[in-house]
Amino acid sequence: MTATLVKETASPRPPAARAERVRRARRRARAVALLFAFPALLLLGALVVYPVLFSVGRSFFDASGTRFVGGENYTEMFRDPATLKAVRNTAVWVVVAPALLTGLGLILAVLVEKVRWATAFKLLLFMPMAVSFLAAGIIFRLAYDEDPDKGVLNAAVVSVHDAFTGTSSYPTARAREGQGLTKEADGSYRTSASVSPGDTVTLGLVGVRPADVPGGARPAYPAAGRQAAPGDLRGVVYLDFTPGGGGEQGKVDRRESGLPGMRVDAVRDGRTVASATTASDGSFRFAGLDEGPYAVRLPAANFAPPYDGVSWLGPALVTPAIIGAYLWIWTGFAMVLIGAGLATLPRDALEAARMDGANEWQIFRRITVPLLAPVLTVVFVTLVINVMKVFDLVYVIAPGPVQEDATVLATQMWLVSFGGGNDQGLGSALGVLLLLLVIPAMVFNVRRFRRSQR
C-alpha cells in the first residue's frame with residue numbers, strides 16, 4: 001500500500017498541466033516584452049503612425065483644410081509642371097545615384113583590400129558620413145561657385161583652360177569713338193579709312209585696366225614717329241590716356257604707354273593677308289605688302305572676356321552636380337558594407353581560380369561579383385530608399401533661380417506646403433506619393449533580411 005502511494009506521488013504531471021504551464025510562461029514573457037516595448041511603440045505611434053495617417057487624411061482636403069475635395073489634390077499633383085519635373089528628377093536620382101554608389105563602393109572595396117594601409121583609406125573615405133547634409137551642402141555650394149576666385153572646381157577648370165588656350169590680353173579695352181577705329185559686329189575693331197604700304201597708323205584704345213598693362217610695356221611715342229619703309233606698313237597700338245591728365249585724344253603723347261602682345265591683322269578685300277603681334281612699345285610691322293588699299297584690324301580675340309569656367313549650378317548641370325555631392329558623402333558607406341561582405345567570401349574559391357590560371361579581372365567578374373550579389377542588392381535597395389528622401393542637399397546647393405530645375409519630391413513637398421505655396425493638402429498628397437514609392441523598396445529589403453536570417 002505504501003509503495004503504491006509513493007509510486008503515484010512520484011509520477012509526472014499530466015501533459016495538459018505541463019502545456020498550460022508553458023502557455024502561462026509564454027504569456028508572461030510576452031507581457032514583459034510588451035511592457036518594455038510600450039514606450040518605444042508609443043513614441044513610434046506618435047512620431048510615425050499618427051503623422052502618416054494624418055497626412056493621408058489631410059490629402060483629401062483643400063489648402064485651408066476645411067473643405068473635402070476627394071482626389072482633387074492627387075489629380076492636381078500630376079497636372080502641375082513643377083511636380084512632374086520633381087518626379088522626373090527623382091527618377092534620375094533613383095536610377096543614377098544608387099547604381100554609381102554601388103559600383104564605386106564595389107571597386108573601392110576590392111582595391112582598398114589590396115593596399116597596405118587599408119584601414120586608413122577606409123577611414124578617409126568614410127569620414128564624409130560624419131558631415132551633416134546641411135554642412136556638406138554649404139561646402140559644395142561654395143565649391144561649385146561660378147566665380148573662379150571662390151569656387152575651387154571652376155578655379156581648376158579655368159587654370160587648365162588658360163594653360164592650353166590662353167586668355168585675351170585686354171578684355172576691357174575699347175576704341176575711342178571718332179578716332180579712326182570702327183567696331184565690327186564680331187567685336188573686332190578696324191580702321192575707318194584705308195591705308196597703304198609706306199604709311200604709319202596709330203590705333204588708340206581706352207578702358208584698359210592698369211592691372212592688364214604688362215609690366216614691361218614701354219612708351220609708344222618713339223614708335224609712332226618712325227617712318228615706314230617702302231612696301232612696309234607700320235603702326236602702334238597704344239593706351240590713349242595720359243596719367244595725371246593732359247594730352248590730346250587720338251594723338252600719341254610722350255607719356256602714353258604702348259600695348260604689347262596684341263594681335264593685329266592686315267586685311268584686303270575682306271581677307272587677312274598678314275598678321276603681327278605688337279612689341280613692348282605697342283609697335284607692329286607688316287613687310288612685303290603689295291601696293292593697294294588695306295585695312296588694319298584688331299581681332300575680337302584681343303578683347304574677349306576671360307573664361308569663367310563651367311556653370312555647375314546652371315539649369316543643365318545642377319542635378320548632376322548635386323548627385324556628385326551625394327556620392328562624396330555616401331561612397332564610404334557603400335564601400336564599408338561591401339567590404340564587410342567581401343571579407344566573408346570563401347578564400348579557397350579565389351585561390352582555386354588563381355591556381356587554374358584565372359586573372360584578377362576574371363576572378364572579379366566571375367567569382368567576386370556573383371558571390372557578393374546579395375550584399376550588392378541590399379546596398380542598392382537601401383540607397384534607393386535613401387535617395388527618394390533626399391532634401392537637404394537639393395535645398396541648400398541649388399540656387400533660387402534653378403531651384404525648380406533641381407527639385408525632387410521631398411523638396412517639392414516642402415515648397416508646396418511651407419515654402420511659399422501654403423497648400424498643405426497638395427503637400428500631403430505629395431507626401432503620400434513619396435510613401436507609396438518607398439514602401440516597395442522597404443518591403444523588398446525586409447523580406448531579404450528575413451530570408452538571410454532563415
# chains A, B, ... in the order shown; residues from 1 in each chain; ligands from 1
$ select_by_dssp --residues "stretch 117-265 of chain A" --states "alpha helix (DSSP H)" --output "ChimeraX atom specification"
/A:118-126,133-143,152-165,221-224
$ write_last_selection --atoms "N, CA and C atoms" --output "JSON list (two decimals), in the first residue's frame"
[["chain", "number", "residue", "atom", "x", "y", "z"],
["A", 118, "ALA", "N", 44.96, 49.78, -45.47],
["A", 118, "ALA", "CA", 43.54, 49.67, -45.82],
["A", 118, "ALA", "C", 42.65, 50.39, -44.81],
["A", 119, "THR", "N", 42.96, 50.25, -43.53],
["A", 119, "THR", "CA", 42.11, 50.88, -42.50],
["A", 119, "THR", "C", 42.13, 52.39, -42.61],
["A", 120, "ALA", "N", 43.31, 52.96, -42.88],
["A", 120, "ALA", "CA", 43.41, 54.42, -43.01],
["A", 120, "ALA", "C", 42.61, 54.90, -44.22],
["A", 121, "PHE", "N", 42.70, 54.19, -45.35],
["A", 121, "PHE", "CA", 41.94, 54.59, -46.53],
["A", 121, "PHE", "C", 40.44, 54.49, -46.27],
["A", 122, "LYS", "N", 40.01, 53.43, -45.61],
["A", 122, "LYS", "CA", 38.59, 53.29, -45.30],
["A", 122, "LYS", "C", 38.12, 54.42, -44.39],
["A", 123, "LEU", "N", 38.97, 54.80, -43.46],
["A", 123, "LEU", "CA", 38.60, 55.90, -42.56],
["A", 123, "LEU", "C", 38.45, 57.20, -43.34],
["A", 124, "LEU", "N", 39.38, 57.48, -44.25],
["A", 124, "LEU", "CA", 39.31, 58.72, -45.03],
["A", 124, "LEU", "C", 38.06, 58.74, -45.92],
["A", 125, "LEU", "N", 37.75, 57.60, -46.53],
["A", 125, "LEU", "CA", 36.59, 57.55, -47.42],
["A", 125, "LEU", "C", 35.28, 57.57, -46.66],
["A", 126, "PHE", "N", 35.30, 57.11, -45.42],
["A", 126, "PHE", "CA", 34.07, 57.08, -44.62],
["A", 126, "PHE", "C", 33.83, 58.38, -43.87],
["A", 133, "PHE", "N", 24.25, 66.72, -43.86],
["A", 133, "PHE", "CA", 23.89, 67.10, -45.22],
["A", 133, "PHE", "C", 23.88, 68.62, -45.37],
["A", 134, "LEU", "N", 23.49, 69.33, -44.33],
["A", 134, "LEU", "CA", 23.48, 70.79, -44.38],
["A", 134, "LEU", "C", 24.89, 71.33, -44.57],
["A", 135, "ALA", "N", 25.83, 70.83, -43.76],
["A", 135, "ALA", "CA", 27.22, 71.28, -43.88],
["A", 135, "ALA", "C", 27.80, 70.88, -45.24],
["A", 136, "ALA", "N", 27.51, 69.66, -45.69],
["A", 136, "ALA", "CA", 28.00, 69.23, -46.99],
["A", 136, "ALA", "C", 27.43, 70.08, -48.11],
["A", 137, "GLY", "N", 26.16, 70.46, -47.98],
["A", 137, "GLY", "CA", 25.55, 71.33, -48.98],
["A", 137, "GLY", "C", 26.23, 72.68, -49.07],
["A", 138, "ILE", "N", 26.56, 73.26, -47.92],
["A", 138, "ILE", "CA", 27.26, 74.55, -47.90],
["A", 138, "ILE", "C", 28.65, 74.41, -48.53],
["A", 139, "ILE", "N", 29.34, 73.31, -48.20],
["A", 139, "ILE", "CA", 30.68, 73.09, -48.75],
["A", 139, "ILE", "C", 30.62, 73.03, -50.28],
["A", 140, "PHE", "N", 29.68, 72.25, -50.80],
["A", 140, "PHE", "CA", 29.62, 72.08, -52.26],
["A", 140, "PHE", "C", 29.00, 73.28, -52.94],
["A", 141, "ARG", "N", 28.17, 74.04, -52.24],
["A", 141, "ARG", "CA", 27.67, 75.29, -52.83],
["A", 141, "ARG", "C", 28.84, 76.24, -53.09],
["A", 142, "LEU", "N", 29.79, 76.28, -52.18],
["A", 142, "LEU", "CA", 30.97, 77.11, -52.38],
["A", 142, "LEU", "C", 31.90, 76.50, -53.43],
["A", 143, "ALA", "N", 32.05, 75.18, -53.41],
["A", 143, "ALA", "CA", 32.94, 74.54, -54.38],
["A", 143, "ALA", "C", 32.43, 74.71, -55.80],
["A", 152, "VAL", "N", 36.31, 76.28, -56.07],
["A", 152, "VAL", "CA", 37.55, 75.55, -56.32],
["A", 152, "VAL", "C", 37.48, 74.76, -57.62],
["A", 153, "LEU", "N", 36.31, 74.25, -57.99],
["A", 153, "LEU", "CA", 36.21, 73.49, -59.24],
["A", 153, "LEU", "C", 36.42, 74.39, -60.45],
["A", 154, "ASN", "N", 35.79, 75.55, -60.45],
["A", 154, "ASN", "CA", 35.99, 76.46, -61.57],
["A", 154, "ASN", "C", 37.40, 77.03, -61.59],
["A", 155, "ALA", "N", 38.01, 77.19, -60.43],
["A", 155, "ALA", "CA", 39.40, 77.65, -60.40],
["A", 155, "ALA", "C", 40.30, 76.63, -61.11],
["A", 156, "ALA", "N", 40.05, 75.35, -60.88],
["A", 156, "ALA", "CA", 40.84, 74.32, -61.55],
["A", 156, "ALA", "C", 40.54, 74.28, -63.05],
["A", 157, "VAL", "N", 39.25, 74.39, -63.41],
["A", 157, "VAL", "CA", 38.87, 74.36, -64.83],
["A", 157, "VAL", "C", 39.48, 75.54, -65.57],
["A", 158, "VAL", "N", 39.41, 76.73, -64.97],
["A", 158, "VAL", "CA", 39.96, 77.93, -65.62],
["A", 158, "VAL", "C", 41.48, 77.81, -65.76],
["A", 159, "SER", "N", 42.14, 77.27, -64.75],
["A", 159, "SER", "CA", 43.60, 77.11, -64.83],
["A", 159, "SER", "C", 43.98, 76.19, -65.97],
["A", 160, "VAL", "N", 43.28, 75.07, -66.12],
["A", 160, "VAL", "CA", 43.59, 74.14, -67.21],
["A", 160, "VAL", "C", 43.27, 74.78, -68.56],
["A", 161, "HIS", "N", 42.14, 75.47, -68.65],
["A", 161, "HIS", "CA", 41.75, 76.12, -69.90],
["A", 161, "HIS", "C", 42.78, 77.16, -70.32],
["A", 162, "ASP", "N", 43.17, 78.01, -69.38],
["A", 162, "ASP", "CA", 44.11, 79.07, -69.71],
["A", 162, "ASP", "C", 45.49, 78.53, -70.04],
["A", 163, "ALA", "N", 45.84, 77.36, -69.45],
["A", 163, "ALA", "CA", 47.15, 76.78, -69.75],
["A", 163, "ALA", "C", 47.23, 76.32, -71.19],
["A", 164, "PHE", "N", 46.12, 75.87, -71.77],
["A", 164, "PHE", "CA", 46.13, 75.35, -73.14],
["A", 164, "PHE", "C", 45.65, 76.37, -74.16],
["A", 165, "THR", "N", 44.73, 77.24, -73.77],
["A", 165, "THR", "CA", 44.12, 78.16, -74.72],
["A", 165, "THR", "C", 44.63, 79.58, -74.57],
["A", 221, "TYR", "N", 55.45, 106.64, -77.85],
["A", 221, "TYR", "CA", 55.77, 107.85, -78.62],
["A", 221, "TYR", "C", 56.91, 107.63, -79.63],
["A", 222, "PRO", "N", 58.03, 106.98, -79.25],
["A", 222, "PRO", "CA", 59.09, 106.81, -80.26],
["A", 222, "PRO", "C", 58.63, 105.96, -81.45],
["A", 223, "ALA", "N", 57.83, 104.92, -81.20],
["A", 223, "ALA", "CA", 57.40, 104.07, -82.30],
["A", 223, "ALA", "C", 56.46, 104.80, -83.24],
["A", 224, "ALA", "N", 55.67, 105.74, -82.69],
["A", 224, "ALA", "CA", 54.72, 106.46, -83.54],
["A", 224, "ALA", "C", 55.43, 107.39, -84.52]]
$ select_by_dssp --residues "stretch 93-309 of chain A" --states "strand (DSSP E)" --output "MDAnalysis selection string"
chainID A and resid 174:175 181:183 189:191 200:206 233:239 263:268 271:277 283:286 295:298
$ write_last_selection --atoms "N, CA and C atoms" --output "short mmCIF file (atom, residue, chain, number, x, y, z; two decimals), in the first residue's frame"
data_model
loop_
_atom_site.label_atom_id
_atom_site.label_comp_id
_atom_site.auth_asym_id
_atom_site.auth_seq_id
_atom_site.Cartn_x
_atom_site.Cartn_y
_atom_site.Cartn_z
N ARG A 174 38.61 99.23 -75.34
CA ARG A 174 37.69 99.63 -76.40
C ARG A 174 38.31 100.82 -77.14
N ALA A 175 37.85 101.04 -78.35
CA ALA A 175 38.37 102.18 -79.12
C ALA A 175 37.59 103.44 -78.75
N LEU A 181 38.84 104.27 -85.54
CA LEU A 181 38.57 102.84 -85.42
C LEU A 181 37.07 102.60 -85.35
N THR A 182 36.59 101.60 -86.08
CA THR A 182 35.18 101.26 -86.11
C THR A 182 35.00 99.85 -85.57
N LYS A 183 34.01 99.69 -84.72
CA LYS A 183 33.75 98.37 -84.14
C LYS A 183 32.90 97.53 -85.08
N TYR A 189 37.88 95.53 -84.08
CA TYR A 189 37.97 96.94 -84.50
C TYR A 189 38.84 97.00 -85.76
N ARG A 190 38.45 97.90 -86.70
CA ARG A 190 39.26 98.10 -87.90
C ARG A 190 39.30 99.58 -88.24
N THR A 191 40.32 99.93 -88.99
CA THR A 191 40.49 101.34 -89.36
C THR A 191 39.35 101.78 -90.28
N THR A 200 52.16 104.90 -91.67
CA THR A 200 52.25 104.56 -90.25
C THR A 200 50.92 104.91 -89.59
N VAL A 201 50.28 103.92 -88.95
CA VAL A 201 48.97 104.14 -88.35
C VAL A 201 49.09 104.08 -86.83
N THR A 202 48.26 104.88 -86.18
CA THR A 202 48.21 104.87 -84.71
C THR A 202 46.81 104.44 -84.30
N LEU A 203 46.74 103.41 -83.45
CA LEU A 203 45.47 102.83 -83.01
C LEU A 203 45.36 103.02 -81.50
N GLY A 204 44.58 104.00 -81.11
CA GLY A 204 44.44 104.30 -79.69
C GLY A 204 43.27 103.59 -79.06
N LEU A 205 43.47 103.04 -77.86
CA LEU A 205 42.43 102.35 -77.12
C LEU A 205 42.30 102.96 -75.73
N VAL A 206 41.13 102.84 -75.15
CA VAL A 206 40.89 103.31 -73.79
C VAL A 206 40.22 102.18 -73.01
N LEU A 233 54.09 98.35 -93.87
CA LEU A 233 53.02 99.07 -93.20
C LEU A 233 53.29 98.99 -91.71
N ARG A 234 53.56 100.17 -91.14
CA ARG A 234 53.89 100.23 -89.72
C ARG A 234 52.73 100.82 -88.93
N GLY A 235 52.79 100.59 -87.60
CA GLY A 235 51.79 101.20 -86.74
C GLY A 235 52.10 100.96 -85.28
N VAL A 236 51.26 101.50 -84.42
CA VAL A 236 51.41 101.34 -82.98
C VAL A 236 50.03 101.29 -82.34
N VAL A 237 49.86 100.36 -81.42
CA VAL A 237 48.64 100.26 -80.62
C VAL A 237 49.00 100.77 -79.23
N TYR A 238 48.28 101.76 -78.76
CA TYR A 238 48.68 102.42 -77.51
C TYR A 238 47.45 102.72 -76.66
N LEU A 239 47.72 103.02 -75.41
CA LEU A 239 46.68 103.43 -74.47
C LEU A 239 46.51 104.93 -74.58
N ARG A 263 47.30 91.17 -81.04
CA ARG A 263 47.36 90.72 -82.42
C ARG A 263 46.76 91.78 -83.34
N VAL A 264 47.43 91.99 -84.48
CA VAL A 264 46.98 92.97 -85.48
C VAL A 264 46.98 92.28 -86.84
N ASP A 265 45.92 92.49 -87.63
CA ASP A 265 45.80 91.88 -88.97
C ASP A 265 45.77 92.97 -90.04
N ALA A 266 46.38 92.66 -91.15
CA ALA A 266 46.24 93.49 -92.36
C ALA A 266 45.21 92.82 -93.26
N VAL A 267 44.15 93.56 -93.62
CA VAL A 267 43.02 92.99 -94.35
C VAL A 267 42.89 93.68 -95.70
N ARG A 268 42.70 92.84 -96.73
CA ARG A 268 42.48 93.39 -98.07
C ARG A 268 41.38 92.58 -98.74
N ARG A 271 39.88 89.78 -96.73
CA ARG A 271 40.71 88.63 -96.43
C ARG A 271 41.96 89.08 -95.68
N THR A 272 42.32 88.32 -94.64
CA THR A 272 43.53 88.63 -93.86
C THR A 272 44.75 88.19 -94.65
N VAL A 273 45.63 89.15 -94.97
CA VAL A 273 46.82 88.83 -95.77
C VAL A 273 48.09 88.80 -94.93
N ALA A 274 48.05 89.36 -93.71
CA ALA A 274 49.23 89.34 -92.85
C ALA A 274 48.78 89.57 -91.41
N SER A 275 49.56 89.04 -90.48
CA SER A 275 49.27 89.21 -89.06
C SER A 275 50.56 89.51 -88.32
N ALA A 276 50.43 90.24 -87.23
CA ALA A 276 51.59 90.59 -86.42
C ALA A 276 51.15 90.73 -84.97
N THR A 277 52.12 90.69 -84.06
CA THR A 277 51.87 90.89 -82.63
C THR A 277 52.66 92.10 -82.17
N SER A 283 54.32 98.63 -80.98
CA SER A 283 54.55 98.77 -82.42
C SER A 283 54.34 97.43 -83.13
N PHE A 284 53.97 97.52 -84.41
CA PHE A 284 53.85 96.33 -85.26
C PHE A 284 54.29 96.72 -86.68
N ARG A 285 54.56 95.69 -87.52
CA ARG A 285 55.07 95.97 -88.86
C ARG A 285 54.66 94.83 -89.79
N PHE A 286 54.09 95.21 -90.93
CA PHE A 286 53.79 94.27 -91.99
C PHE A 286 54.77 94.55 -93.13
N ALA A 295 43.10 97.58 -94.83
CA ALA A 295 42.53 97.97 -93.54
C ALA A 295 43.30 97.24 -92.45
N VAL A 296 43.52 97.91 -91.36
CA VAL A 296 44.19 97.29 -90.22
C VAL A 296 43.12 96.92 -89.19
N ARG A 297 43.15 95.66 -88.75
CA ARG A 297 42.11 95.17 -87.84
C ARG A 297 42.72 94.64 -86.56
N LEU A 298 42.03 94.93 -85.45
CA LEU A 298 42.36 94.35 -84.15
C LEU A 298 41.31 93.26 -83.89
#
$ residues_around --residues "stretch 367-383 of chain A" --least-positions-apart "2" --cutoff "7 Å" --atoms "only C-alpha atoms" --output "number ranges by chain"
A: 98-99, 102, 334, 338, 341-342, 363-365, 385-387, 441, 445
$ write_last_selection --atoms "N, CA and C atoms" --output "PDB file, in the first residue's frame"
ATOM      1  N   PRO A  98      22.109  55.420 -56.867  1.00  0.00           N
ATOM      2  CA  PRO A  98      22.408  54.110 -56.257  1.00  0.00           C
ATOM      3  C   PRO A  98      23.312  53.238 -57.124  1.00  0.00           C
ATOM      4  N   ALA A  99      23.113  53.282 -58.446  1.00  0.00           N
ATOM      5  CA  ALA A  99      23.961  52.470 -59.321  1.00  0.00           C
ATOM      6  C   ALA A  99      25.423  52.924 -59.254  1.00  0.00           C
ATOM      7  N   THR A 102      26.862  52.029 -55.736  1.00  0.00           N
ATOM      8  CA  THR A 102      27.141  50.603 -55.580  1.00  0.00           C
ATOM      9  C   THR A 102      28.375  50.204 -56.380  1.00  0.00           C
ATOM     10  N   ALA A 334      28.808  52.765 -48.814  1.00  0.00           N
ATOM     11  CA  ALA A 334      28.717  51.612 -49.712  1.00  0.00           C
ATOM     12  C   ALA A 334      29.993  50.778 -49.664  1.00  0.00           C
ATOM     13  N   ILE A 338      30.051  46.810 -48.506  1.00  0.00           N
ATOM     14  CA  ILE A 338      30.505  45.817 -49.476  1.00  0.00           C
ATOM     15  C   ILE A 338      31.821  45.194 -49.015  1.00  0.00           C
ATOM     16  N   GLY A 341      31.057  42.401 -46.705  1.00  0.00           N
ATOM     17  CA  GLY A 341      30.677  41.198 -47.441  1.00  0.00           C
ATOM     18  C   GLY A 341      31.865  40.551 -48.124  1.00  0.00           C
ATOM     19  N   LEU A 342      32.796  41.371 -48.593  1.00  0.00           N
ATOM     20  CA  LEU A 342      33.981  40.846 -49.262  1.00  0.00           C
ATOM     21  C   LEU A 342      34.847  40.048 -48.297  1.00  0.00           C
ATOM     22  N   ILE A 363      38.536  36.787 -62.045  1.00  0.00           N
ATOM     23  CA  ILE A 363      38.111  36.459 -60.683  1.00  0.00           C
ATOM     24  C   ILE A 363      37.074  37.459 -60.197  1.00  0.00           C
ATOM     25  N   PHE A 364      37.337  38.733 -60.463  1.00  0.00           N
ATOM     26  CA  PHE A 364      36.391  39.769 -60.031  1.00  0.00           C
ATOM     27  C   PHE A 364      35.031  39.599 -60.706  1.00  0.00           C
ATOM     28  N   ARG A 365      35.050  39.350 -62.021  1.00  0.00           N
ATOM     29  CA  ARG A 365      33.796  39.319 -62.770  1.00  0.00           C
ATOM     30  C   ARG A 365      33.016  38.022 -62.572  1.00  0.00           C
ATOM     31  N   ILE A 385      16.071  53.734 -51.310  1.00  0.00           N
ATOM     32  CA  ILE A 385      15.189  54.313 -50.285  1.00  0.00           C
ATOM     33  C   ILE A 385      15.726  55.659 -49.831  1.00  0.00           C
ATOM     34  N   ASN A 386      17.035  55.744 -49.677  1.00  0.00           N
ATOM     35  CA  ASN A 386      17.633  56.983 -49.175  1.00  0.00           C
ATOM     36  C   ASN A 386      17.510  58.126 -50.166  1.00  0.00           C
ATOM     37  N   VAL A 387      17.744  57.860 -51.453  1.00  0.00           N
ATOM     38  CA  VAL A 387      17.714  58.960 -52.427  1.00  0.00           C
ATOM     39  C   VAL A 387      16.291  59.468 -52.654  1.00  0.00           C
ATOM     40  N   ALA A 441      10.358  49.246 -51.914  1.00  0.00           N
ATOM     41  CA  ALA A 441      11.776  49.014 -51.623  1.00  0.00           C
ATOM     42  C   ALA A 441      11.967  48.561 -50.175  1.00  0.00           C
ATOM     43  N   ASN A 445      13.504  44.918 -48.938  1.00  0.00           N
ATOM     44  CA  ASN A 445      14.635  44.815 -48.019  1.00  0.00           C
ATOM     45  C   ASN A 445      14.289  43.944 -46.810  1.00  0.00           C
TER      46      ASN A 445
END
$ residues_around --residues "stretch 66-83 of chain A" --least-positions-apart "2" --cutoff "7 Å" --atoms "only C-alpha atoms" --output "PyMOL selection string"
chain A and resi 59-62+64+85-87+404+412+425-426+429
$ write_last_selection --atoms "C-alpha atoms" --output "short mmCIF file (atom, residue, chain, number, x, y, z; two decimals), in the first residue's frame"
data_model
loop_
_atom_site.label_atom_id
_atom_site.label_comp_id
_atom_site.auth_asym_id
_atom_site.auth_seq_id
_atom_site.Cartn_x
_atom_site.Cartn_y
_atom_site.Cartn_z
CA SER A 59 -4.51 64.98 -48.61
CA PHE A 60 -8.27 64.79 -49.24
CA PHE A 61 -8.89 68.39 -48.12
CA ASP A 62 -8.20 71.76 -49.71
CA SER A 64 -7.33 75.58 -45.84
CA LYS A 85 9.71 67.88 -63.03
CA ALA A 86 10.22 66.74 -59.43
CA VAL A 87 9.05 63.24 -60.38
CA GLU A 404 12.71 74.32 -59.69
CA GLN A 412 8.63 69.94 -53.78
CA GLY A 425 -3.45 69.48 -48.92
CA LEU A 426 -1.33 69.17 -52.07
CA ALA A 429 -0.68 64.25 -51.37
#
$ residues_around --residues "stretch 307-321 of chain A" --least-positions-apart "4" --cutoff "7 Å" --atoms "only C-alpha atoms" --output "JSON, numbers by chain"
{"A": [144, 146, 147, 148, 154, 157, 158, 325, 398, 402, 405, 406]}
$ closest_residue --among "A:Arg226, A:Lys389, A:Arg450, A:Arg58" --to "A:Ser428" --atoms "only C-alpha atoms"
A:Arg58
